[in-house]
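Content type CSV, C-alpha atoms, from the file start-v3.csv:
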```
chain,number,residue,atom,x,y,z
A,1467,MET,CA,-33.9,1.6,-133.1
A,1468,ARG,CA,-30.5,0.1,-133.2
A,1469,LEU,CA,-30.4,-3.3,-135.0
A,1470,GLY,CA,-33.5,-4.8,-133.4
A,1471,GLN,CA,-33.2,-3.0,-130.1
A,1472,GLY,CA,-36.1,-0.5,-130.4
A,1473,GLU,CA,-38.4,1.0,-127.9
A,1474,THR,CA,-42.2,0.5,-127.7
A,1475,ALA,CA,-42.9,4.1,-127.2
A,1476,ARG,CA,-42.4,6.5,-130.1
A,1477,PRO,CA,-39.3,8.7,-129.9
A,1478,THR,CA,-41.6,11.8,-130.2
A,1479,THR,CA,-43.6,10.7,-127.2
A,1480,ARG,CA,-40.4,10.0,-125.2
A,1481,LEU,CA,-38.9,13.4,-126.0
A,1482,ARG,CA,-42.0,15.2,-124.8
A,1483,ALA,CA,-41.9,13.2,-121.6
A,1484,LEU,CA,-38.2,14.2,-121.1
A,1485,ILE,CA,-38.9,17.8,-121.7
A,1486,ALA,CA,-41.7,17.7,-119.1
A,1487,GLU,CA,-39.4,15.9,-116.6
A,1488,HIS,CA,-36.2,18.0,-116.9
A,1489,ARG,CA,-35.8,21.7,-116.1
A,1490,PRO,CA,-33.7,22.1,-118.3
A,1491,LEU,CA,-33.2,19.1,-120.5
A,1492,VAL,CA,-29.5,19.3,-121.5
A,1493,VAL,CA,-28.8,17.8,-124.9
A,1494,PRO,CA,-25.3,17.4,-126.5
A,1495,GLY,CA,-24.8,17.7,-130.2
A,1496,CYS,CA,-23.7,14.9,-132.5
A,1497,PHE,CA,-22.7,15.1,-136.2
A,1498,ASN,CA,-23.0,11.5,-137.4
A,1499,ALA,CA,-24.2,8.0,-136.2
A,1500,MET,CA,-20.9,7.2,-134.5
A,1501,SER,CA,-20.7,10.3,-132.4
A,1502,ALA,CA,-24.4,9.9,-131.5
A,1503,ARG,CA,-23.7,6.4,-130.2
A,1504,ILE,CA,-20.8,7.6,-128.1
A,1505,LEU,CA,-22.9,10.3,-126.5
A,1506,GLU,CA,-25.8,7.8,-126.0
A,1507,ASN,CA,-23.3,5.4,-124.3
A,1508,ALA,CA,-22.3,8.2,-121.9
A,1509,GLY,CA,-25.9,8.2,-120.6
A,1510,PHE,CA,-27.6,11.2,-122.2
A,1511,PRO,CA,-31.3,10.7,-122.6
A,1512,ALA,CA,-31.7,12.7,-125.8
A,1513,LEU,CA,-29.4,13.9,-128.6
A,1514,TYR,CA,-29.2,16.8,-131.0
A,1515,MET,CA,-28.0,16.7,-134.7
A,1516,SER,CA,-25.9,19.8,-135.4
A,1517,GLY,CA,-26.5,21.4,-138.8
A,1518,TYR,CA,-23.0,22.8,-138.7
A,1519,GLY,CA,-21.7,19.4,-137.8
A,1520,THR,CA,-23.6,17.8,-140.6
A,1521,SER,CA,-22.3,20.3,-143.2
A,1522,LEU,CA,-18.7,20.0,-142.0
A,1523,ASN,CA,-18.8,16.2,-141.5
A,1524,LEU,CA,-20.6,15.3,-144.8
A,1525,LEU,CA,-19.3,18.1,-147.1
A,1526,GLY,CA,-16.2,19.5,-145.4
A,1527,LEU,CA,-17.9,22.9,-145.7
A,1528,PRO,CA,-19.1,25.5,-143.3
A,1529,ASP,CA,-22.7,26.0,-142.1
A,1530,ALA,CA,-23.5,28.4,-144.9
A,1531,GLY,CA,-26.7,26.9,-146.4
A,1532,LEU,CA,-24.7,24.5,-148.5
A,1533,ALA,CA,-26.2,21.3,-147.2
A,1534,THR,CA,-29.5,20.3,-148.9
A,1535,LEU,CA,-32.7,18.8,-147.4
A,1536,THR,CA,-31.7,15.4,-148.9
A,1537,GLU,CA,-28.3,15.5,-147.1
A,1538,MET,CA,-29.7,16.8,-143.8
A,1539,ALA,CA,-32.6,14.5,-143.7
A,1540,LEU,CA,-30.4,11.5,-144.6
A,1541,ASN,CA,-28.0,12.3,-141.7
A,1542,ALA,CA,-30.9,12.7,-139.3
A,1543,ARG,CA,-32.4,9.4,-140.4
A,1544,LEU,CA,-29.1,7.5,-140.0
A,1545,ILE,CA,-28.5,9.0,-136.6
A,1546,ALA,CA,-32.0,8.3,-135.4
A,1547,SER,CA,-31.7,4.7,-136.6
A,1548,ALA,CA,-28.4,4.2,-134.8
A,1549,VAL,CA,-29.5,5.1,-131.3
A,1550,ARG,CA,-32.4,4.4,-129.0
A,1551,VAL,CA,-32.7,7.8,-127.4
A,1552,PRO,CA,-34.8,10.6,-129.1
A,1553,LEU,CA,-33.1,12.9,-131.6
A,1554,ILE,CA,-33.7,16.6,-132.1
A,1555,ALA,CA,-32.4,17.7,-135.5
A,1556,ASP,CA,-31.5,21.0,-137.1
A,1557,ALA,CA,-33.7,21.7,-140.2
A,1558,ASP,CA,-32.2,25.0,-141.2
A,1559,THR,CA,-34.8,27.3,-142.9
A,1560,GLY,CA,-36.9,24.3,-144.0
A,1561,PHE,CA,-35.1,24.5,-147.3
A,1562,GLY,CA,-37.5,27.0,-149.0
A,1563,ASN,CA,-40.8,28.5,-148.5
A,1564,ALA,CA,-43.8,27.2,-146.4
A,1565,ILE,CA,-44.4,24.5,-149.0
A,1566,ASN,CA,-40.9,23.2,-148.7
A,1567,VAL,CA,-41.3,23.3,-144.9
A,1568,VAL,CA,-44.2,20.9,-145.2
A,1569,ARG,CA,-42.0,18.4,-147.0
A,1570,THR,CA,-39.1,18.9,-144.6
A,1571,VAL,CA,-41.3,18.1,-141.6
A,1572,GLU,CA,-42.6,15.1,-143.4
A,1573,GLU,CA,-39.1,13.8,-144.2
A,1574,TYR,CA,-37.9,14.3,-140.6
A,1575,ILE,CA,-40.9,12.5,-139.1
A,1576,ARG,CA,-40.6,9.6,-141.5
A,1577,GLY,CA,-36.9,9.4,-140.7
A,1578,GLY,CA,-37.6,8.7,-137.0
A,1579,VAL,CA,-36.5,12.2,-135.7
A,1580,ALA,CA,-38.3,13.2,-132.5
A,1581,GLY,CA,-38.2,17.0,-133.1
A,1582,LEU,CA,-36.6,19.7,-135.2
A,1583,HIS,CA,-36.0,23.4,-135.3
A,1584,LEU,CA,-36.7,25.8,-138.2
A,1585,GLU,CA,-35.2,29.3,-138.4
A,1586,ASP,CA,-36.3,32.5,-140.0
A,1587,GLN,CA,-33.1,33.3,-141.9
A,1588,VAL,CA,-33.0,34.3,-145.6
A,1589,ALA,CA,-31.6,31.5,-147.7
A,1590,PRO,CA,-28.7,30.7,-148.0
A,1591,LYS,CA,-28.6,30.7,-144.2
A,1592,ARG,CA,-25.5,30.6,-142.1
A,1593,CYS,CA,-24.4,29.6,-138.6
A,1594,GLY,CA,-26.3,31.6,-136.0
A,1595,HIS,CA,-23.1,32.8,-134.4
A,1596,VAL,CA,-21.5,34.2,-137.6
A,1597,ALA,CA,-22.1,37.7,-138.7
A,1598,GLY,CA,-23.9,38.4,-142.0
A,1599,ARG,CA,-27.2,36.9,-141.3
A,1600,GLU,CA,-30.5,38.2,-142.6
A,1601,VAL,CA,-34.1,37.3,-141.7
A,1602,ILE,CA,-37.2,37.0,-143.8
A,1603,GLY,CA,-40.3,39.1,-143.0
A,1604,ARG,CA,-42.2,38.3,-139.8
A,1605,GLU,CA,-45.4,37.3,-141.6
A,1606,GLU,CA,-43.7,34.9,-143.9
A,1607,ALA,CA,-41.8,33.4,-141.0
A,1608,VAL,CA,-45.0,32.9,-139.0
A,1609,LEU,CA,-46.7,31.2,-141.9
A,1610,LYS,CA,-43.8,28.8,-142.3
A,1611,VAL,CA,-44.2,27.8,-138.6
A,1612,ARG,CA,-47.9,27.4,-139.1
A,1613,ALA,CA,-47.3,25.1,-142.0
A,1614,ALA,CA,-44.9,23.0,-140.0
A,1615,ALA,CA,-47.3,22.8,-137.1
A,1616,ARG,CA,-50.2,21.7,-139.3
A,1617,THR,CA,-47.9,19.0,-140.8
A,1618,ARG,CA,-46.9,17.9,-137.3
A,1619,ASP,CA,-50.5,17.6,-136.2
A,1620,ALA,CA,-51.5,15.6,-139.2
A,1621,LEU,CA,-48.6,13.0,-139.0
A,1622,ASP,CA,-47.6,12.9,-135.3
A,1623,PRO,CA,-48.9,15.4,-132.8
A,1624,ASP,CA,-46.1,14.4,-130.4
A,1625,PHE,CA,-43.4,15.6,-132.8
A,1626,VAL,CA,-41.6,18.5,-131.2
A,1627,LEU,CA,-41.6,21.7,-133.2
A,1628,ILE,CA,-39.0,24.3,-132.2
A,1629,ALA,CA,-39.2,27.7,-133.9
A,1630,ARG,CA,-36.0,29.7,-134.1
A,1631,THR,CA,-35.4,33.3,-134.8
A,1632,ASP,CA,-32.1,34.9,-135.8
A,1633,ALA,CA,-33.5,38.4,-135.5
A,1634,ARG,CA,-31.3,39.3,-132.6
A,1635,GLY,CA,-28.0,38.9,-134.4
A,1636,ALA,CA,-29.1,39.6,-138.0
A,1637,HIS,CA,-28.3,42.7,-139.9
A,1638,GLY,CA,-30.3,45.5,-138.4
A,1639,GLY,CA,-31.8,43.1,-135.8
A,1640,SER,CA,-32.8,43.6,-132.2
A,1641,LEU,CA,-33.7,41.5,-129.1
A,1642,ASP,CA,-37.1,43.2,-129.1
A,1643,GLU,CA,-37.9,41.9,-132.6
A,1644,ALA,CA,-36.5,38.5,-131.7
A,1645,ILE,CA,-38.8,38.2,-128.6
A,1646,ASP,CA,-41.8,39.4,-130.6
A,1647,ARG,CA,-41.1,36.8,-133.3
A,1648,ALA,CA,-40.6,34.0,-130.7
A,1649,ASN,CA,-44.1,34.8,-129.2
A,1650,ALA,CA,-45.6,34.9,-132.7
A,1651,PHE,CA,-44.1,31.5,-133.5
A,1652,LEU,CA,-45.6,30.0,-130.3
A,1653,ASP,CA,-49.0,31.4,-131.3
A,1654,ALA,CA,-48.6,29.8,-134.7
A,1655,GLY,CA,-48.2,26.3,-133.1
A,1656,ALA,CA,-44.5,25.9,-132.1
A,1657,ASP,CA,-43.9,23.9,-129.0
A,1658,LEU,CA,-40.7,25.8,-128.0
A,1659,ALA,CA,-39.3,29.2,-128.9
A,1660,PHE,CA,-35.6,29.5,-129.8
A,1661,VAL,CA,-34.0,33.0,-129.7
A,1662,GLU,CA,-30.6,32.5,-131.3
A,1663,GLY,CA,-27.5,34.3,-130.2
A,1664,PRO,CA,-28.3,36.4,-127.0
A,1665,LYS,CA,-25.0,38.0,-126.2
A,1666,ASP,CA,-25.0,38.0,-122.4
A,1667,GLU,CA,-26.9,36.7,-119.4
A,1668,ALA,CA,-29.0,39.9,-119.2
A,1669,GLU,CA,-30.4,39.1,-122.7
A,1670,VAL,CA,-31.0,35.5,-121.8
A,1671,GLU,CA,-32.9,36.7,-118.7
A,1672,ARG,CA,-35.1,38.9,-120.9
A,1673,VAL,CA,-35.9,36.0,-123.2
A,1674,GLY,CA,-36.9,33.8,-120.3
A,1675,ARG,CA,-39.1,36.5,-118.8
A,1676,GLU,CA,-40.7,37.9,-121.9
A,1677,VAL,CA,-41.2,34.8,-124.1
A,1678,LYS,CA,-44.6,33.4,-123.3
A,1679,GLY,CA,-43.8,29.7,-123.6
A,1680,PRO,CA,-41.1,27.1,-123.2
A,1681,VAL,CA,-37.6,28.4,-124.2
A,1682,PHE,CA,-35.0,26.5,-126.1
A,1683,TYR,CA,-31.4,27.7,-125.6
A,1684,ASN,CA,-28.3,27.2,-127.7
A,1685,MET,CA,-25.2,27.3,-125.4
A,1686,THR,CA,-22.5,27.9,-127.9
A,1687,GLY,CA,-20.7,30.7,-129.8
A,1688,ILE,CA,-21.3,34.2,-128.5
A,1689,SER,CA,-24.0,33.1,-126.0
A,1690,PRO,CA,-23.1,32.8,-122.3
A,1691,ARG,CA,-22.2,29.6,-120.6
A,1692,LEU,CA,-24.7,28.8,-117.8
A,1693,SER,CA,-25.1,26.0,-115.3
A,1694,ALA,CA,-28.1,23.9,-115.4
A,1695,GLU,CA,-29.3,25.5,-112.1
A,1696,ARG,CA,-29.0,29.0,-113.6
A,1697,MET,CA,-30.8,27.9,-116.7
A,1698,ALA,CA,-33.6,26.6,-114.6
A,1699,GLU,CA,-33.8,30.0,-112.8
A,1700,LEU,CA,-34.0,31.7,-116.2
A,1701,GLY,CA,-36.8,29.6,-117.4
A,1702,ILE,CA,-34.9,27.6,-120.0
A,1703,ARG,CA,-36.7,24.3,-120.8
A,1704,VAL,CA,-34.2,22.7,-123.2
A,1705,CYS,CA,-30.5,23.5,-123.8
A,1706,ILE,CA,-28.4,22.2,-126.6
A,1707,LEU,CA,-24.6,22.1,-126.8
A,1708,PRO,CA,-24.3,21.6,-130.5
A,1709,GLY,CA,-20.7,21.7,-131.4
A,1710,ALA,CA,-18.7,20.6,-128.4
A,1711,ALA,CA,-18.3,17.0,-129.4
A,1712,MET,CA,-17.3,18.1,-132.9
A,1713,ARG,CA,-14.6,20.4,-131.6
A,1714,ALA,CA,-13.3,17.6,-129.3
A,1715,THR,CA,-13.2,15.3,-132.3
A,1716,ILE,CA,-11.3,17.9,-134.4
A,1717,MET,CA,-8.8,18.4,-131.7
A,1718,ALA,CA,-8.3,14.7,-131.1
A,1719,ILE,CA,-7.8,13.8,-134.8
A,1720,HIS,CA,-5.4,16.8,-135.3
A,1721,ASP,CA,-3.3,15.8,-132.3
A,1722,PHE,CA,-3.1,12.2,-133.5
A,1723,ALA,CA,-2.2,13.3,-137.0
A,1724,MET,CA,0.6,15.5,-135.7
A,1725,ALA,CA,2.0,12.7,-133.5
A,1726,LEU,CA,1.8,10.3,-136.5
A,1727,LYS,CA,3.6,12.8,-138.7
A,1728,ALA,CA,6.3,13.4,-136.1
A,1729,GLY,CA,6.8,9.9,-134.8
A,1730,GLY,CA,6.1,7.7,-137.9
A,1731,PRO,CA,4.0,4.6,-138.0
A,1732,MET,CA,4.9,3.4,-134.5
A,1733,ALA,CA,3.0,6.3,-133.1
A,1734,GLU,CA,-0.1,4.3,-134.1
A,1735,ALA,CA,1.1,1.4,-131.9
A,1736,GLU,CA,1.5,3.8,-129.0
A,1737,TYR,CA,-1.9,5.2,-129.5
A,1738,ASP,CA,-3.4,1.8,-129.9
A,1739,ALA,CA,-2.1,0.7,-126.5
A,1740,ARG,CA,-3.7,3.8,-124.9
A,1741,PHE,CA,-6.9,3.3,-126.7
A,1742,LYS,CA,-7.2,-0.3,-125.5
A,1743,ALA,CA,-6.9,0.9,-121.9
A,1744,HIS,CA,-9.7,3.5,-122.4
A,1745,PRO,CA,-13.3,2.8,-121.3
A,1746,MET,CA,-14.3,2.9,-125.0
A,1747,GLY,CA,-11.3,0.8,-126.1
A,1748,ASN,CA,-13.2,-2.3,-127.2
A,1749,LEU,CA,-13.9,-1.0,-130.7
A,1750,HIS,CA,-15.4,-4.2,-132.1
A,1751,GLY,CA,-17.6,-4.6,-129.0
A,1752,PHE,CA,-18.8,-1.0,-129.1
A,1753,SER,CA,-19.5,-1.1,-132.9
A,1754,GLY,CA,-21.8,-4.1,-132.3
A,1755,PHE,CA,-20.1,-7.3,-133.3
A,1756,ASP,CA,-21.4,-9.0,-130.1
A,1757,ARG,CA,-24.9,-8.0,-131.0
A,1758,ILE,CA,-24.4,-9.5,-134.4
A,1759,ARG,CA,-23.3,-12.8,-132.8
A,1760,GLU,CA,-26.3,-12.7,-130.5
A,1761,MET,CA,-28.7,-12.3,-133.4
A,1762,GLU,CA,-26.9,-15.1,-135.4
A,1763,ALA,CA,-27.3,-17.4,-132.4
A,1764,GLU,CA,-31.0,-16.6,-132.2
A,1765,PHE,CA,-32.1,-16.4,-135.8
A,1766,LEU,CA,-29.5,-18.3,-137.9
A,1767,GLY,CA,-29.3,-21.6,-135.9
A,1768,ALA,CA,-26.4,-23.5,-134.4
A,1769,ASP,CA,-24.6,-24.0,-137.6
A,1770,SER,CA,-23.8,-20.2,-137.7
A,1771,ALA,CA,-21.4,-20.6,-134.9
A,1772,ARG,CA,-19.1,-22.9,-136.8
A,1773,LYS,CA,-17.4,-20.1,-138.7
A,1774,TYR,CA,-15.9,-18.8,-135.5
A,1775,GLU,CA,-14.0,-22.0,-134.7
A,1776,GLY,CA,-10.3,-21.6,-135.2
A,1777,GLY,CA,-10.7,-18.1,-136.6
A,1778,LEU,CA,-8.3,-15.3,-135.9
A,1779,GLY,CA,-9.1,-11.8,-134.6
A,1780,TYR,CA,-11.8,-10.5,-132.3
A,1781,ALA,CA,-14.1,-13.2,-131.2
A,1782,PRO,CA,-17.7,-11.8,-130.7
A,1783,LYS,CA,-19.5,-13.2,-127.7
A,1784,ALA,CA,-23.1,-14.3,-127.7
A,1785,ALA,CA,-25.2,-13.7,-124.6
A,1786,GLU,CA,-25.5,-16.8,-122.4
```
In structure tokens, what does this structure look like?
Amino acid sequence: MRLGQGETARPTTRLRALIAEHRPLVVPGCFNAMSARILENAGFPALYMSGYGTSLNLLGLPDAGLATLTEMALNARLIASAVRVPLIADADTGFGNAINVVRTVEEYIRGGVAGLHLEDQVAPKRCGHVAGREVIGREEAVLKVRAAARTRDALDPDFVLIARTDARGAHGGSLDEAIDRANAFLDAGADLAFVEGPKDEAEVERVGREVKGPVFYNMTGISPRLSAERMAELGIRVCILPGAAMRATIMAIHDFAMALKAGGPMAEAEYDARFKAHPMGNLHGFSGFDRIREMEAEFLGADSARKYEGGLGYAPKAAE
């Protein structure tokens, strides 16, 4: 929901419908509520909350198991509350053993998230495209997925549970072990299987062929870039692009900072002129001041409009 603009159907139900309709469903990654709203404004039907993006955005730190359940769940709740489209969110390892996983799933469901993925890394985890990863034993990993599935079924059977294995790129890992784990996770109740970090298209093809259920693909890092048509051929059901928007943001802020340092304060004036000509250049309108004015007109009565008379600055517009 976004300030009174909710949907009658639950986000979990809508996400399942999107997954059924799209082959594949391509989902860009966001890292906070603002980036989520920009991606939603571009027309994407679902969004993904990046764990790397959350750690770097909230803490200024890498995706190395430093963000807590409280921080990750809070960011997920704030993003889910800011947009109307369903949100899939990174839940790392579930922040502990199978008991901790139960609470993690509960927190994400109560926060309005439509789906999450859990991984089988040893804690503290790290980005799935950085060397040095280790995975827990297969039996423990399966039981964590089973605990998540049982919690999903008790609270919201439409909540989408994605089970991720890092066994391919972990120390001593292999693609064979990753595929075996993916299938075991599906048997334990996961809705989609996520084999992290296949290194080339041949490995992606094996995953699509040998995983006995819907495949979730992370198109980033060392993994190959594929067209939507090619992903459909390979059997990929959902594809996330987790860090692209974050990298674009880093580049844009850096370039602006360098221009400001080199050109002085008037560089901001030049940038402001370019921003106002941009499709997203109405900052106050995008942020929601017009929506505030509409709600004031509807719920606060005619007297609420008087404060706008003779005022300076952006004049929010109420719907006629």
#### Entry: Residue among A:Phe1651, A:Ala1533, A:Val1579, A:His1637 lying closest to Val1611 in chain A, counting all atoms listed in the file
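Closest candidate: A:Phe1651.
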## Note on the structure
One residue among A:Ala1546, A:Leu1527, A:Leu1532, A:Ala1656 is nearest to Arg1503 in chain A when using only C-alpha atoms, and that residue is A:Ala1546
### Query
Any idea what's packed within 9 Å of Ala1784 in chain A, counting all atoms listed in the file, ignoring anything in its chain fewer than 3 positions away? Could you give it as a ChimeraX atom specification?
/A:1756-1763
Same residues, C-alpha atoms, saved as a PDB file, keeping the file's coordinate frame:
```
ATOM      1  CA  ASP A1756     -21.400  -9.000-130.100  1.00  0.00           C
ATOM      2  CA  ARG A1757     -24.900  -8.000-131.000  1.00  0.00           C
ATOM      3  CA  ILE A1758     -24.400  -9.500-134.400  1.00  0.00           C
ATOM      4  CA  ARG A1759     -23.300 -12.800-132.800  1.00  0.00           C
ATOM      5  CA  GLU A1760     -26.300 -12.700-130.500  1.00  0.00           C
ATOM      6  CA  MET A1761     -28.700 -12.300-133.400  1.00  0.00           C
ATOM      7  CA  GLU A1762     -26.900 -15.100-135.400  1.00  0.00           C
ATOM      8  CA  ALA A1763     -27.300 -17.400-132.400  1.00  0.00           C
TER       9      ALA A1763
END
```
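Among the candidates A:Phe1682, A:Phe1752, A:Phe1660, A:Tyr1737, the residue lying nearest to Cys1705 in chain A is A:Phe1682 (atoms considered: only C-alpha atoms).
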### Message
Just the number, please: distance in Å from CA of His1750 in chain A to CA of Leu1469 in chain A, one decimal.
### Response
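Computing it gives 15.3 Å between the two atoms.
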### Task
Determine, counting only C-alpha atoms, which protein, DNA and RNA residues have an atom within 8 Å of an atom of Ala1502 in chain A; residues of the same chain fewer than 4 positions away are not included. Present the result as a PyMOL selection string.
chain A and resi 1495-1498+1506+1513+1545+1548-1549
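Rounded to one decimal, CA of Ala1564 in chain A and CA of Gly1577 in chain A lie 19.9 Å from each other.
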#### Entry: All residues 12 Å or closer to Arg1616 in chain A, only C-alpha atoms, same chain fewer than 2 positions away omitted, as a ChimeraX atom specification
/A:1564-1565,1567-1569,1571-1572,1609-1614,1618-1623,1625,1627,1654-1656
#### Entry: Nearest candidate to Ala1668 in chain A (options A:Leu1641, A:Ala1650, A:Ile1602, A:Leu1540; using only C-alpha atoms)
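Of the candidates, the smallest distance to Ala1668 in chain A is held by A:Leu1641.
Restricting the calculation to all atoms listed in the file, the smallest distance between Ala1633 in chain A and any of A:Asp1586, A:Asp1558, A:Asp1666, A:Glu1676 is found for A:Asp1586.
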### Task
Compare A:Arg1740, A:Lys1727, A:Lys1665, A:Arg1647 by their minimum atom-to-atom distance to Pro1690 in chain A, counting all atoms listed in the file, and give me the closest one.
A:Lys1665
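Straight-line separation from CA of Tyr1514 in chain A to CA of Pro1664 in chain A: 20.0 Å.
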### Message
Within 12 Å of (-43.6, 11.0, -124.5) in the file's own coordinates, which protein, DNA or RNA residues have an atom, counting only C-alpha atoms? List them as a VMD selection string.
### Response
chain A and resid 1473 to 1487 1551 to 1552 1580 to 1581 1622 to 1626
### Query
Within 8 Å of Ala1648 in chain A, counting all atoms listed in the file, which residues qualify if same-chain residues fewer than 5 places away don't, as a list in words?
Ala1629, Arg1630, Thr1631, Ala1659, Phe1660, Val1661 and Val1677 of chain A
### Message
Quick one: residues within 8 Å of Ser1547 in chain A, all atoms listed in the file, excluding same-chain residues fewer than 2 positions away - as a PyMOL selection string?
### Response
chain A and resi 1467-1468+1543-1545+1549-1550+1578
File of the preceding selection, C-alpha atoms, as a compact mmCIF listing (two decimals), in the coordinates of the input:
```
# COMPACT_ATOMS: atom_id res chain seq x y z
CA MET A 1467 -33.90 1.60 -133.10
CA ARG A 1468 -30.50 0.10 -133.20
CA ARG A 1543 -32.40 9.40 -140.40
CA LEU A 1544 -29.10 7.50 -140.00
CA ILE A 1545 -28.50 9.00 -136.60
CA VAL A 1549 -29.50 5.10 -131.30
CA ARG A 1550 -32.40 4.40 -129.00
CA GLY A 1578 -37.60 8.70 -137.00
```
For range 1561-1567 of chain A, where the input has fewer atoms than it should, I would like all heavy atoms rebuilt and written as a PDB file, in the frame of the given file.
```
ATOM      1  N   PHE A1561     -35.575  24.741-145.961  1.00  0.00           N
ATOM      2  CA  PHE A1561     -35.100  24.500-147.300  1.00  0.00           C
ATOM      3  C   PHE A1561     -36.030  25.124-148.381  1.00  0.00           C
ATOM      4  O   PHE A1561     -36.215  24.563-149.455  1.00  0.00           O
ATOM      5  CB  PHE A1561     -34.832  23.040-147.582  1.00  0.00           C
ATOM      6  CG  PHE A1561     -33.943  22.434-146.533  1.00  0.00           C
ATOM      7  CD1 PHE A1561     -34.481  21.724-145.474  1.00  0.00           C
ATOM      8  CD2 PHE A1561     -32.579  22.631-146.562  1.00  0.00           C
ATOM      9  CE1 PHE A1561     -33.664  21.195-144.475  1.00  0.00           C
ATOM     10  CE2 PHE A1561     -31.751  22.105-145.563  1.00  0.00           C
ATOM     11  CZ  PHE A1561     -32.294  21.395-144.523  1.00  0.00           C
ATOM     12  N   GLY A1562     -36.607  26.271-148.055  1.00  0.00           N
ATOM     13  CA  GLY A1562     -37.500  27.000-149.000  1.00  0.00           C
ATOM     14  C   GLY A1562     -38.574  27.706-148.345  1.00  0.00           C
ATOM     15  O   GLY A1562     -38.444  28.139-147.195  1.00  0.00           O
ATOM     16  N   ASN A1563     -39.685  27.833-149.040  1.00  0.00           N
ATOM     17  CA  ASN A1563     -40.800  28.500-148.500  1.00  0.00           C
ATOM     18  C   ASN A1563     -41.690  27.582-147.643  1.00  0.00           C
ATOM     19  O   ASN A1563     -41.270  26.473-147.309  1.00  0.00           O
ATOM     20  CB  ASN A1563     -41.634  29.231-149.582  1.00  0.00           C
ATOM     21  CG  ASN A1563     -42.254  28.233-150.565  1.00  0.00           C
ATOM     22  OD1 ASN A1563     -42.391  27.041-150.275  1.00  0.00           O
ATOM     23  ND2 ASN A1563     -42.635  28.712-151.727  1.00  0.00           N
ATOM     24  N   ALA A1564     -42.913  28.006-147.318  1.00  0.00           N
ATOM     25  CA  ALA A1564     -43.800  27.200-146.400  1.00  0.00           C
ATOM     26  C   ALA A1564     -44.101  25.837-147.064  1.00  0.00           C
ATOM     27  O   ALA A1564     -44.294  24.849-146.341  1.00  0.00           O
ATOM     28  CB  ALA A1564     -45.049  27.961-146.124  1.00  0.00           C
ATOM     29  N   ILE A1565     -44.163  25.767-148.383  1.00  0.00           N
ATOM     30  CA  ILE A1565     -44.400  24.500-149.000  1.00  0.00           C
ATOM     31  C   ILE A1565     -43.269  23.533-148.830  1.00  0.00           C
ATOM     32  O   ILE A1565     -43.450  22.349-148.540  1.00  0.00           O
ATOM     33  CB  ILE A1565     -44.724  24.685-150.542  1.00  0.00           C
ATOM     34  CG1 ILE A1565     -45.743  25.810-150.760  1.00  0.00           C
ATOM     35  CG2 ILE A1565     -45.203  23.372-151.161  1.00  0.00           C
ATOM     36  CD1 ILE A1565     -47.037  25.646-150.002  1.00  0.00           C
ATOM     37  N   ASN A1566     -42.061  24.048-148.976  1.00  0.00           N
ATOM     38  CA  ASN A1566     -40.900  23.200-148.700  1.00  0.00           C
ATOM     39  C   ASN A1566     -40.813  22.786-147.258  1.00  0.00           C
ATOM     40  O   ASN A1566     -40.359  21.673-146.948  1.00  0.00           O
ATOM     41  CB  ASN A1566     -39.612  23.998-149.070  1.00  0.00           C
ATOM     42  CG  ASN A1566     -39.556  24.405-150.526  1.00  0.00           C
ATOM     43  OD1 ASN A1566     -40.044  25.472-150.880  1.00  0.00           O
ATOM     44  ND2 ASN A1566     -38.982  23.576-151.368  1.00  0.00           N
ATOM     45  N   VAL A1567     -41.265  23.648-146.357  1.00  0.00           N
ATOM     46  CA  VAL A1567     -41.300  23.300-144.900  1.00  0.00           C
ATOM     47  C   VAL A1567     -42.155  22.085-144.686  1.00  0.00           C
ATOM     48  O   VAL A1567     -41.807  21.209-143.881  1.00  0.00           O
ATOM     49  CB  VAL A1567     -41.761  24.511-144.098  1.00  0.00           C
ATOM     50  CG1 VAL A1567     -42.164  24.071-142.694  1.00  0.00           C
ATOM     51  CG2 VAL A1567     -40.677  25.573-144.023  1.00  0.00           C
TER      52      VAL A1567
END
```
